[in-house]
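Novice: Take this structure first; my questions come after.
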Amino acid sequence: MKENPDEMSIHIAYIDGEPVACGRVYFRPGGPYAELAGGRTKTTHRRRGLFTALVASRLQEARDRGRTHTFVDALPTSAPILRKQGFRS
């Protein structure tokens, strides 16, 4: 990634200046695909919509970059949120 910084973005949610949730989005060169990975929220800040907001922001970046297909590497516990965002297994 260091050699190709446009291939990955990191989205971070802050509360009172503290990073409490994050997720990555990867952009494969020359194709229509984006991959969401690494979504995490501190246990003390769960159930506040932060993970959902970060999924939405990463999907928006993928659309803004012209990506037409997005897949996700996620735990089964994330499935309900991801289904609401349009993902299917």
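How things are named: the first chain in the structure tokens is A, the next is B, and so on; residues count from 1 in each chain; ligands count from 1 in the order shown.
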Pick out the residues sitting within 7 Å of His69 (chain A), and hand them over as a PyMOL selection string; count only C-alpha atoms, and ignore anything fewer than 5 positions along from it in its own chain.

Specialist: chain A and resi 32-34

Novice: When you look at Pro5 (chain A) with a cut-off of 12 Å (counting only C-alpha atoms), what residues show up, excluding the ones that are within fewer than 4 positions of it in the same chain? I need them as a count of residues only.

Specialist: 8

Novice: To one decimal in Å, tell me the separation between CA of Ser78 (chain A) and CA of Tyr14 (chain A).

Specialist: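 That distance, rounded to one decimal, is 20.1 Å.
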
Novice: Per DSSP on the backbone, what are the strand (DSSP E) residues of chain A, as an MDAnalysis selection string?

Specialist: chainID A and resid 8:15 18:27 33:41 69:72

Novice: Could you go through chain A and tell me which residues DSSP, when run on the backbone, assigns to alpha helix (DSSP H), listing them as JSON, numbers by chain?

Specialist: {"A": [50, 51, 52, 53, 54, 55, 56, 57, 58, 59, 60, 61, 62, 63, 64, 79, 80, 81, 82, 83, 84]}

Novice: In Å, rounded to a single decimal, give me how far CA of Arg63 (chain A) is from CA of Ile15 (chain A).

Specialist: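 Computing the Euclidean distance for CA of Ile15 (chain A) and CA of Arg63 (chain A) yields 26.2 Å.
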
Novice: Just want the 10 Å neighbourhood of His11 (chain A), counted on only C-alpha atoms, with same-chain residues fewer than 6 positions away dropped. Output as a ChimeraX atom specification.

Specialist: /A:21-25,39,53-55,57-58,61

Novice: I need the chosen residues saved as a PDB file, in the first residue's frame, with all heavy atoms.

Specialist:
```
ATOM      1  N   ALA A  21     -14.161   3.932  16.035  1.00  0.00           N
ATOM      2  CA  ALA A  21     -14.548   2.938  15.027  1.00  0.00           C
ATOM      3  C   ALA A  21     -13.753   3.216  13.761  1.00  0.00           C
ATOM      4  O   ALA A  21     -13.367   4.362  13.490  1.00  0.00           O
ATOM      5  CB  ALA A  21     -16.041   3.003  14.742  1.00  0.00           C
ATOM      6  N   CYS A  22     -13.513   2.153  12.996  1.00  0.00           N
ATOM      7  CA  CYS A  22     -12.764   2.342  11.759  1.00  0.00           C
ATOM      8  C   CYS A  22     -13.078   1.209  10.781  1.00  0.00           C
ATOM      9  O   CYS A  22     -13.650   0.184  11.154  1.00  0.00           O
ATOM     10  CB  CYS A  22     -11.269   2.396  12.027  1.00  0.00           C
ATOM     11  SG  CYS A  22     -10.605   0.846  12.662  1.00  0.00           S
ATOM     12  N   GLY A  23     -12.671   1.401   9.558  1.00  0.00           N
ATOM     13  CA  GLY A  23     -12.805   0.375   8.530  1.00  0.00           C
ATOM     14  C   GLY A  23     -11.998   0.779   7.316  1.00  0.00           C
ATOM     15  O   GLY A  23     -11.761   1.967   7.069  1.00  0.00           O
ATOM     16  N   ARG A  24     -11.556  -0.223   6.558  1.00  0.00           N
ATOM     17  CA  ARG A  24     -10.764   0.024   5.360  1.00  0.00           C
ATOM     18  C   ARG A  24     -11.595  -0.258   4.115  1.00  0.00           C
ATOM     19  O   ARG A  24     -12.532  -1.042   4.154  1.00  0.00           O
ATOM     20  CB  ARG A  24      -9.534  -0.888   5.339  1.00  0.00           C
ATOM     21  CG  ARG A  24      -8.602  -0.690   6.506  1.00  0.00           C
ATOM     22  CD  ARG A  24      -7.365  -1.592   6.422  1.00  0.00           C
ATOM     23  NE  ARG A  24      -7.646  -3.007   6.235  1.00  0.00           N
ATOM     24  CZ  ARG A  24      -7.908  -3.883   7.211  1.00  0.00           C
ATOM     25  NH1 ARG A  24      -7.977  -3.463   8.463  1.00  0.00           N
ATOM     26  NH2 ARG A  24      -8.116  -5.146   6.945  1.00  0.00           N
ATOM     27  N   VAL A  25     -11.190   0.361   3.031  1.00  0.00           N
ATOM     28  CA  VAL A  25     -11.744   0.027   1.719  1.00  0.00           C
ATOM     29  C   VAL A  25     -10.572  -0.058   0.745  1.00  0.00           C
ATOM     30  O   VAL A  25      -9.713   0.813   0.717  1.00  0.00           O
ATOM     31  CB  VAL A  25     -12.830   1.030   1.248  1.00  0.00           C
ATOM     32  CG1 VAL A  25     -12.328   2.439   1.189  1.00  0.00           C
ATOM     33  CG2 VAL A  25     -13.415   0.618  -0.092  1.00  0.00           C
ATOM     34  N   GLY A  39     -13.705  -3.585   9.528  1.00  0.00           N
ATOM     35  CA  GLY A  39     -14.604  -2.733  10.296  1.00  0.00           C
ATOM     36  C   GLY A  39     -14.627  -3.125  11.766  1.00  0.00           C
ATOM     37  O   GLY A  39     -14.859  -4.278  12.102  1.00  0.00           O
ATOM     38  N   ALA A  53     -22.552   3.730   9.766  1.00  0.00           N
ATOM     39  CA  ALA A  53     -22.100   4.970   9.126  1.00  0.00           C
ATOM     40  C   ALA A  53     -20.797   4.762   8.360  1.00  0.00           C
ATOM     41  O   ALA A  53     -20.625   5.300   7.263  1.00  0.00           O
ATOM     42  CB  ALA A  53     -21.932   6.070  10.174  1.00  0.00           C
ATOM     43  N   LEU A  54     -19.902   3.961   8.920  1.00  0.00           N
ATOM     44  CA  LEU A  54     -18.636   3.709   8.232  1.00  0.00           C
ATOM     45  C   LEU A  54     -18.822   2.825   7.005  1.00  0.00           C
ATOM     46  O   LEU A  54     -18.123   2.998   6.004  1.00  0.00           O
ATOM     47  CB  LEU A  54     -17.619   3.093   9.195  1.00  0.00           C
ATOM     48  CG  LEU A  54     -17.061   4.058  10.228  1.00  0.00           C
ATOM     49  CD1 LEU A  54     -16.184   3.320  11.229  1.00  0.00           C
ATOM     50  CD2 LEU A  54     -16.279   5.182   9.567  1.00  0.00           C
ATOM     51  N   VAL A  55     -19.754   1.882   7.059  1.00  0.00           N
ATOM     52  CA  VAL A  55     -20.066   1.099   5.861  1.00  0.00           C
ATOM     53  C   VAL A  55     -20.586   2.049   4.786  1.00  0.00           C
ATOM     54  O   VAL A  55     -20.138   2.011   3.631  1.00  0.00           O
ATOM     55  CB  VAL A  55     -21.094  -0.022   6.154  1.00  0.00           C
ATOM     56  CG1 VAL A  55     -21.595  -0.654   4.861  1.00  0.00           C
ATOM     57  CG2 VAL A  55     -20.471  -1.087   7.049  1.00  0.00           C
ATOM     58  N   SER A  57     -20.117   5.281   4.429  1.00  0.00           N
ATOM     59  CA  SER A  57     -19.098   6.209   3.910  1.00  0.00           C
ATOM     60  C   SER A  57     -18.128   5.500   2.975  1.00  0.00           C
ATOM     61  O   SER A  57     -17.710   6.070   1.959  1.00  0.00           O
ATOM     62  CB  SER A  57     -18.350   6.915   5.051  1.00  0.00           C
ATOM     63  OG  SER A  57     -17.499   6.041   5.743  1.00  0.00           O
ATOM     64  N   ARG A  58     -17.803   4.249   3.278  1.00  0.00           N
ATOM     65  CA  ARG A  58     -16.907   3.502   2.388  1.00  0.00           C
ATOM     66  C   ARG A  58     -17.603   3.151   1.081  1.00  0.00           C
ATOM     67  O   ARG A  58     -16.991   3.222   0.004  1.00  0.00           O
ATOM     68  CB  ARG A  58     -16.369   2.257   3.092  1.00  0.00           C
ATOM     69  CG  ARG A  58     -15.398   2.633   4.217  1.00  0.00           C
ATOM     70  CD  ARG A  58     -14.856   1.440   4.941  1.00  0.00           C
ATOM     71  NE  ARG A  58     -15.884   0.832   5.791  1.00  0.00           N
ATOM     72  CZ  ARG A  58     -15.818  -0.399   6.250  1.00  0.00           C
ATOM     73  NH1 ARG A  58     -14.810  -1.195   5.945  1.00  0.00           N
ATOM     74  NH2 ARG A  58     -16.772  -0.865   7.036  1.00  0.00           N
ATOM     75  N   GLU A  61     -17.566   6.273  -1.036  1.00  0.00           N
ATOM     76  CA  GLU A  61     -16.264   6.492  -1.670  1.00  0.00           C
ATOM     77  C   GLU A  61     -16.090   5.567  -2.869  1.00  0.00           C
ATOM     78  O   GLU A  61     -15.597   5.988  -3.921  1.00  0.00           O
ATOM     79  CB  GLU A  61     -15.106   6.289  -0.688  1.00  0.00           C
ATOM     80  CG  GLU A  61     -13.770   6.561  -1.358  1.00  0.00           C
ATOM     81  CD  GLU A  61     -12.555   6.377  -0.486  1.00  0.00           C
ATOM     82  OE1 GLU A  61     -12.691   5.957   0.679  1.00  0.00           O
ATOM     83  OE2 GLU A  61     -11.449   6.641  -0.995  1.00  0.00           O
TER      84      GLU A  61
END
```

Novice: Can you work out which one of A:Pro19, A:Gly38, A:Thr52, A:Asp64 has the shortest atom-to-atom distance to Arg83 (chain A), counting only C-alpha atoms?

Specialist: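 Among the listed residues, the smallest separation from Arg83 (chain A) belongs to A:Thr52.
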
Novice: Just to confirm, what's the straight-line distance from CA of Thr68 (chain A) to CA of Lys84 (chain A) in Å (one decimal)?

Specialist: 18.0 Å

Novice: Rank A:Arg88, A:Gly49, A:Met8, A:Phe71 by their smallest atom-to-atom distance to Leu36 (chain A), using only C-alpha atoms, and report the top residue only.

Specialist: A:Phe71

Novice: Within 9 Å of Val20 (chain A), counting only C-alpha atoms, which residues show up once you throw out same-chain ones fewer than 2 positions away? Write them as a ChimeraX atom specification, please.

Specialist: /A:12-15,18,22,40-45,50

Novice: For those residues, write N, CA, C and O atoms to a file as a compact mmCIF listing (two decimals), in the first residue's frame.

Specialist:
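again.txt, freshly written:
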```
# COMPACT_ATOMS: atom_id res chain seq x y z
N ILE A 12 -12.43 6.59 9.68
CA ILE A 12 -12.39 6.57 11.15
C ILE A 12 -13.50 7.44 11.71
O ILE A 12 -13.71 8.57 11.25
N ALA A 13 -14.22 6.91 12.70
CA ALA A 13 -15.24 7.68 13.41
C ALA A 13 -14.66 8.13 14.75
O ALA A 13 -14.07 7.31 15.47
N TYR A 14 -14.84 9.39 15.05
CA TYR A 14 -14.35 9.97 16.31
C TYR A 14 -15.51 10.44 17.17
O TYR A 14 -16.50 10.96 16.65
N ILE A 15 -15.36 10.28 18.45
CA ILE A 15 -16.28 10.88 19.42
C ILE A 15 -15.42 11.63 20.43
O ILE A 15 -14.52 11.05 21.03
N GLU A 18 -11.73 11.19 20.12
CA GLU A 18 -11.19 9.83 20.30
C GLU A 18 -11.64 8.94 19.14
O GLU A 18 -12.84 8.88 18.83
N CYS A 22 -13.51 2.15 13.00
CA CYS A 22 -12.76 2.34 11.76
C CYS A 22 -13.08 1.21 10.78
O CYS A 22 -13.65 0.18 11.15
N ARG A 40 -14.35 -2.17 12.62
CA ARG A 40 -14.33 -2.42 14.07
C ARG A 40 -14.87 -1.21 14.81
O ARG A 40 -14.65 -0.07 14.41
N THR A 41 -15.54 -1.49 15.92
CA THR A 41 -16.01 -0.44 16.82
C THR A 41 -15.63 -0.84 18.23
O THR A 41 -15.80 -1.99 18.62
N LYS A 42 -15.10 0.10 19.01
CA LYS A 42 -14.79 -0.19 20.41
C LYS A 42 -16.06 -0.66 21.11
O LYS A 42 -17.14 -0.11 20.89
N THR A 43 -15.93 -1.65 21.97
CA THR A 43 -17.09 -2.22 22.64
C THR A 43 -17.87 -1.17 23.42
O THR A 43 -19.10 -1.24 23.50
N THR A 44 -17.20 -0.18 23.94
CA THR A 44 -17.87 0.87 24.71
C THR A 44 -18.71 1.81 23.84
O THR A 44 -19.48 2.61 24.37
N HIS A 45 -18.56 1.72 22.53
CA HIS A 45 -19.26 2.63 21.63
C HIS A 45 -20.15 1.88 20.62
O HIS A 45 -20.62 2.49 19.66
N LEU A 50 -22.28 3.62 14.49
CA LEU A 50 -20.98 3.99 13.93
C LEU A 50 -20.53 3.02 12.83
O LEU A 50 -20.05 3.46 11.79
```

Novice: Within 9 Å of Val72 (chain A), counting only C-alpha atoms, which residues qualify if same-chain residues fewer than 2 places away don't, as a short mmCIF file (atom, residue, chain, number, x, y, z; two decimals) with C-alpha atoms, in the first residue's frame?

Specialist:
```cif
data_model
loop_
_atom_site.label_atom_id
_atom_site.label_comp_id
_atom_site.auth_asym_id
_atom_site.auth_seq_id
_atom_site.Cartn_x
_atom_site.Cartn_y
_atom_site.Cartn_z
CA ALA A 34 -13.92 -2.35 -4.10
CA GLU A 35 -13.49 -4.42 -0.93
CA LEU A 36 -14.59 -3.40 2.54
CA ALA A 37 -12.51 -4.90 5.34
CA THR A 70 -18.28 -3.99 -3.74
CA ALA A 74 -16.75 -9.48 7.59
CA LEU A 82 -24.51 -5.33 5.80
CA PHE A 87 -25.07 -6.88 0.61
#
```

Novice: Find the residue from A:Gly31, A:Gln85, A:Ala79, A:Asp73 that sits nearest to Ala56 (chain A); use only C-alpha atoms when measuring.

Specialist: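 Distance minimum relative to Ala56 (chain A) lands on A:Gln85.
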